[in-house]
Every structure is written in structure tokens, then in C-alpha cells.
$ cat start35.cif   # mmCIF, C-alpha atoms, pLDDT in the B column; chains and numbers go by the auth columns
data_protein
#
loop_
_atom_site.group_PDB
_atom_site.id
_atom_site.type_symbol
_atom_site.label_atom_id
_atom_site.label_comp_id
_atom_site.label_asym_id
_atom_site.label_seq_id
_atom_site.Cartn_x
_atom_site.Cartn_y
_atom_site.Cartn_z
_atom_site.B_iso_or_equiv
_atom_site.auth_seq_id
_atom_site.auth_asym_id
ATOM 1 C CA MET A 1 111.706 77.457 132.866 46.00 1 S
ATOM 2 C CA SER A 2 111.689 80.355 135.303 56.00 2 S
ATOM 3 C CA ASP A 3 110.521 80.581 138.894 73.00 3 S
ATOM 4 C CA ILE A 4 109.947 84.289 138.437 72.00 4 S
ATOM 5 C CA PRO A 5 106.278 84.431 137.501 86.00 5 S
ATOM 6 C CA ILE A 6 104.302 86.234 134.967 93.00 6 S
ATOM 7 C CA VAL A 7 101.128 87.848 136.249 95.00 7 S
ATOM 8 C CA ILE A 8 97.880 87.517 134.320 95.00 8 S
ATOM 9 C CA LEU A 9 95.043 89.846 135.277 96.00 9 S
ATOM 10 C CA THR A 10 91.499 89.406 133.996 95.00 10 S
ATOM 11 C CA ALA A 11 88.574 91.782 134.178 93.00 11 S
ATOM 12 C CA ILE A 12 85.790 89.224 134.593 93.00 12 S
ATOM 13 C CA ASN A 13 85.299 85.692 135.910 93.00 13 S
ATOM 14 C CA VAL A 14 84.742 84.026 132.528 95.00 14 S
ATOM 15 C CA GLU A 15 88.201 85.201 131.406 94.00 15 S
ATOM 16 C CA PHE A 16 89.706 84.099 134.723 94.00 16 S
ATOM 17 C CA ASP A 17 88.183 80.634 134.338 95.00 17 S
ATOM 18 C CA ALA A 18 89.495 80.294 130.769 93.00 18 S
ATOM 19 C CA VAL A 19 93.049 81.179 131.798 92.00 19 S
ATOM 20 C CA LYS A 20 92.917 79.069 134.979 94.00 20 S
ATOM 21 C CA ALA A 21 92.016 76.037 132.830 93.00 21 S
ATOM 22 C CA GLN A 22 95.460 76.399 131.207 90.00 22 S
ATOM 23 C CA LEU A 23 97.317 76.254 134.546 91.00 23 S
ATOM 24 C CA SER A 24 98.624 73.149 136.284 90.00 24 S
ATOM 25 C CA ASP A 25 99.571 72.634 139.938 89.00 25 S
ATOM 26 C CA VAL A 26 97.280 75.513 140.964 93.00 26 S
ATOM 27 C CA GLN A 27 97.440 76.826 144.522 92.00 27 S
ATOM 28 C CA ALA A 28 95.379 79.650 145.987 92.00 28 S
ATOM 29 C CA ARG A 29 97.156 82.494 147.762 88.00 29 S
ATOM 30 C CA THR A 30 95.612 85.468 149.516 86.00 30 S
ATOM 31 C CA HIS A 31 97.336 88.852 149.545 78.00 31 S
ATOM 32 C CA ARG A 32 97.367 90.556 152.947 81.00 32 S
ATOM 33 C CA ALA A 33 94.831 93.063 151.558 79.00 33 S
ATOM 34 C CA GLY A 34 92.460 90.193 150.744 79.00 34 S
ATOM 35 C CA THR A 35 93.036 89.722 147.015 81.00 35 S
ATOM 36 C CA ARG A 36 92.838 86.059 146.025 87.00 36 S
ATOM 37 C CA VAL A 37 95.470 84.935 143.537 92.00 37 S
ATOM 38 C CA GLU A 38 95.764 81.538 141.863 94.00 38 S
ATOM 39 C CA VAL A 39 99.364 80.483 141.251 94.00 39 S
ATOM 40 C CA GLY A 40 100.277 77.651 138.900 94.00 40 S
ATOM 41 C CA ARG A 41 102.367 76.674 135.910 91.00 41 S
ATOM 42 C CA ILE A 42 101.444 77.629 132.372 86.00 42 S
ATOM 43 C CA ALA A 43 102.923 75.838 129.365 75.00 43 S
ATOM 44 C CA ILE A 44 104.728 78.102 126.945 71.00 44 S
ATOM 45 C CA GLY A 45 106.000 76.924 123.572 65.00 45 S
ATOM 46 C CA ASN A 46 107.581 73.464 123.649 64.00 46 S
ATOM 47 C CA SER A 47 107.893 73.345 127.432 55.00 47 S
ATOM 48 C CA GLY A 48 105.965 70.073 127.566 58.00 48 S
ATOM 49 C CA GLY A 49 103.698 71.374 130.308 55.00 49 S
ATOM 50 C CA HIS A 50 106.589 72.503 132.503 67.00 50 S
ATOM 51 C CA GLY A 51 106.215 76.173 131.763 78.00 51 S
ATOM 52 C CA CYS A 52 106.731 79.215 133.877 85.00 52 S
ATOM 53 C CA LEU A 53 105.075 80.126 137.116 92.00 53 S
ATOM 54 C CA ALA A 54 101.985 82.298 136.599 94.00 54 S
ATOM 55 C CA ALA A 55 99.913 84.274 139.092 95.00 55 S
ATOM 56 C CA LEU A 56 96.301 84.877 138.054 95.00 56 S
ATOM 57 C CA ALA A 57 93.728 87.263 139.523 94.00 57 S
ATOM 58 C CA VAL A 58 90.442 88.981 138.656 94.00 58 S
ATOM 59 C CA THR A 59 90.582 92.781 138.814 92.00 59 S
ATOM 60 C CA GLY A 60 86.961 93.547 138.150 89.00 60 S
ATOM 61 C CA VAL A 61 85.891 96.153 135.640 88.00 61 S
ATOM 62 C CA GLY A 62 87.579 99.561 135.529 89.00 62 S
ATOM 63 C CA ASN A 63 90.984 101.160 135.434 91.00 63 S
ATOM 64 C CA GLN A 64 91.406 101.830 139.150 93.00 64 S
ATOM 65 C CA PRO A 65 90.845 98.246 140.351 90.00 65 S
ATOM 66 C CA ALA A 66 93.158 96.994 137.596 91.00 66 S
ATOM 67 C CA ALA A 67 95.857 99.488 138.609 93.00 67 S
ATOM 68 C CA VAL A 68 95.570 98.567 142.294 92.00 68 S
ATOM 69 C CA LEU A 69 95.829 94.853 141.561 91.00 69 S
ATOM 70 C CA ALA A 70 98.731 95.395 139.163 92.00 70 S
ATOM 71 C CA GLU A 71 100.609 97.318 141.875 93.00 71 S
ATOM 72 C CA ARG A 72 99.948 94.559 144.418 90.00 72 S
ATOM 73 C CA ALA A 73 101.076 91.881 141.974 90.00 73 S
ATOM 74 C CA ILE A 74 104.299 93.743 141.161 91.00 74 S
ATOM 75 C CA ALA A 75 105.115 94.170 144.851 90.00 75 S
ATOM 76 C CA GLU A 76 104.235 90.567 145.720 89.00 76 S
ATOM 77 C CA PHE A 77 105.680 88.612 142.785 90.00 77 S
ATOM 78 C CA ARG A 78 108.235 90.868 141.054 92.00 78 S
ATOM 79 C CA PRO A 79 107.107 89.415 137.713 93.00 79 S
ATOM 80 C CA LYS A 80 108.997 89.471 134.433 92.00 80 S
ATOM 81 C CA ALA A 81 105.742 90.431 132.669 94.00 81 S
ATOM 82 C CA ILE A 82 102.137 91.370 133.378 95.00 82 S
ATOM 83 C CA LEU A 83 99.399 90.461 130.932 94.00 83 S
ATOM 84 C CA PHE A 84 95.838 91.747 130.997 93.00 84 S
ATOM 85 C CA THR A 85 93.003 89.902 129.300 88.00 85 S
ATOM 86 C CA GLY A 86 89.667 91.448 128.524 75.00 86 S
#

$ encode --input "start35.cif" --output "C-alpha cells"
Amino acid sequence: MSDIPIVILTAINVEFDAVKAQLSDVQARTHRAGTRVEVGRIAIGNSGGHGCLAALAVTGVGNQPAAVLAERAIAEFRPKAILFTG
């Protein structure tokens, strides 16, 4: 288990909701620029529900918003990996 998070970015709310349903111990955080991020634990492999820390956010549609949010997430969380769904 690692306390260095992975970041998961989604383009639309339905994807966000599907990923958020897989998180436990979810807490909302707001970036100083106003971006809302949900942070929780996501089970990976045989972790028994005690998986790694994951930060989840909706980028909206388009490359520029996704790039901006990815940059913010990297600066804020220093993740080991960033995943994009959509």
C-alpha cells in the first residue's frame, strides 16, 4: 500500500460516478484554483480493500481542460501514475 496517490481523471460525470463508486473513505478537497477532487482508497489486486490512495476529478471534454487538470494534479499530489478514463 502506498500513500503516494494515483490520479484518475474522467471526461464526464457518468465516468466520474463509476470510478467514485470504487473508492472508500472518500473526502472532498478543493484545489486553490477551484477544482474539486475526491480523494479515497481504491482496491488493487489482493489488497483486501486497503489499496492505494487515489485522487479523482472530472476534466470536462477537450484536451486543454484535461491538460490543465493533469498539471494541477501533478503539482498537488505528485502521483506515481495518472489514468484518464473516457

$ resolve_selection --input "start35.cif" --expression "the PyMOL selection byres ((chain S and resi 83) around 9)" --output "JSON, numbers by chain"
{"S": [6, 7, 8, 9, 10, 81, 82, 84, 85]}

$ closest_residue --input "start35.cif" --among "S:Gly51, S:Ala28, S:Glu15, S:Gly86" --to "S:Asn63" --atoms "only C-alpha atoms"
S:Gly86

$ resolve_selection --input "start35.cif" --expression "the PyMOL selection byres ((chain S and resi 53) around 7)" --output "count of residues only"
12

$ resolve_selection --input "start35.cif" --expression "the PyMOL selection byres ((chain S and resi 24-26) around 9)" --output "NGL selection string"
:S and (20-23 or 27-28 or 38-43 or 49-50)

$ atom_distance --input "start35.cif" --atom1 "atom CA of S:Val37" --atom2 "atom CA of S:Val14"
15.4 Å

$ build_atoms --input "start35.cif" --residues "stretch 8-27 of chain S" --atoms "N, CA, C and O atoms" --output "compact mmCIF listing (two decimals), in the coordinates of the input"
# COMPACT_ATOMS: atom_id res chain seq x y z
N ILE S 8 98.97 87.38 135.28
CA ILE S 8 97.88 87.52 134.32
C ILE S 8 96.68 88.06 135.08
O ILE S 8 96.20 87.44 136.03
N LEU S 9 96.21 89.22 134.66
CA LEU S 9 95.04 89.85 135.28
C LEU S 9 93.88 89.77 134.30
O LEU S 9 94.05 89.99 133.10
N THR S 10 92.70 89.46 134.82
CA THR S 10 91.50 89.41 134.00
C THR S 10 90.46 90.35 134.58
O THR S 10 90.43 90.60 135.78
N ALA S 11 89.60 90.86 133.72
CA ALA S 11 88.57 91.78 134.18
C ALA S 11 87.36 91.06 134.75
O ALA S 11 86.75 91.53 135.71
N ILE S 12 87.01 89.92 134.16
CA ILE S 12 85.79 89.22 134.59
C ILE S 12 86.05 87.73 134.80
O ILE S 12 87.04 87.18 134.32
N ASN S 13 85.13 87.09 135.51
CA ASN S 13 85.30 85.69 135.91
C ASN S 13 85.41 84.73 134.74
O ASN S 13 86.16 83.76 134.82
N VAL S 14 84.68 84.96 133.65
CA VAL S 14 84.74 84.03 132.53
C VAL S 14 86.15 84.01 131.92
O VAL S 14 86.65 82.94 131.52
N GLU S 15 86.82 85.14 131.88
CA GLU S 15 88.20 85.20 131.41
C GLU S 15 89.14 84.51 132.40
O GLU S 15 90.03 83.76 131.99
N PHE S 16 88.92 84.75 133.67
CA PHE S 16 89.71 84.10 134.72
C PHE S 16 89.61 82.59 134.59
O PHE S 16 90.62 81.88 134.62
N ASP S 17 88.39 82.08 134.45
CA ASP S 17 88.18 80.63 134.34
C ASP S 17 88.89 80.05 133.12
O ASP S 17 89.46 78.96 133.18
N ALA S 18 88.85 80.77 132.00
CA ALA S 18 89.50 80.29 130.77
C ALA S 18 91.01 80.21 130.94
O ALA S 18 91.64 79.24 130.51
N VAL S 19 91.60 81.20 131.58
CA VAL S 19 93.05 81.18 131.80
C VAL S 19 93.40 80.13 132.84
O VAL S 19 94.36 79.37 132.67
N LYS S 20 92.63 80.05 133.92
CA LYS S 20 92.92 79.07 134.98
C LYS S 20 92.91 77.65 134.43
O LYS S 20 93.70 76.80 134.87
N ALA S 21 92.08 77.37 133.44
CA ALA S 21 92.02 76.04 132.83
C ALA S 21 93.33 75.66 132.15
O ALA S 21 93.60 74.48 131.91
N GLN S 22 94.17 76.65 131.85
CA GLN S 22 95.46 76.40 131.21
C GLN S 22 96.60 76.21 132.22
O GLN S 22 97.73 75.92 131.84
N LEU S 23 96.30 76.38 133.50
CA LEU S 23 97.32 76.25 134.55
C LEU S 23 97.34 74.84 135.12
O LEU S 23 96.30 74.18 135.20
N SER S 24 98.50 74.41 135.56
CA SER S 24 98.62 73.15 136.28
C SER S 24 99.21 73.44 137.67
O SER S 24 99.80 74.50 137.89
N ASP S 25 99.04 72.49 138.57
CA ASP S 25 99.57 72.63 139.94
C ASP S 25 99.11 73.94 140.59
O ASP S 25 99.91 74.66 141.20
N VAL S 26 97.83 74.24 140.49
CA VAL S 26 97.28 75.51 140.96
C VAL S 26 97.15 75.51 142.48
O VAL S 26 96.65 74.55 143.08
N GLN S 27 97.59 76.61 143.09
CA GLN S 27 97.44 76.83 144.52
C GLN S 27 96.90 78.23 144.75
O GLN S 27 97.35 79.18 144.09
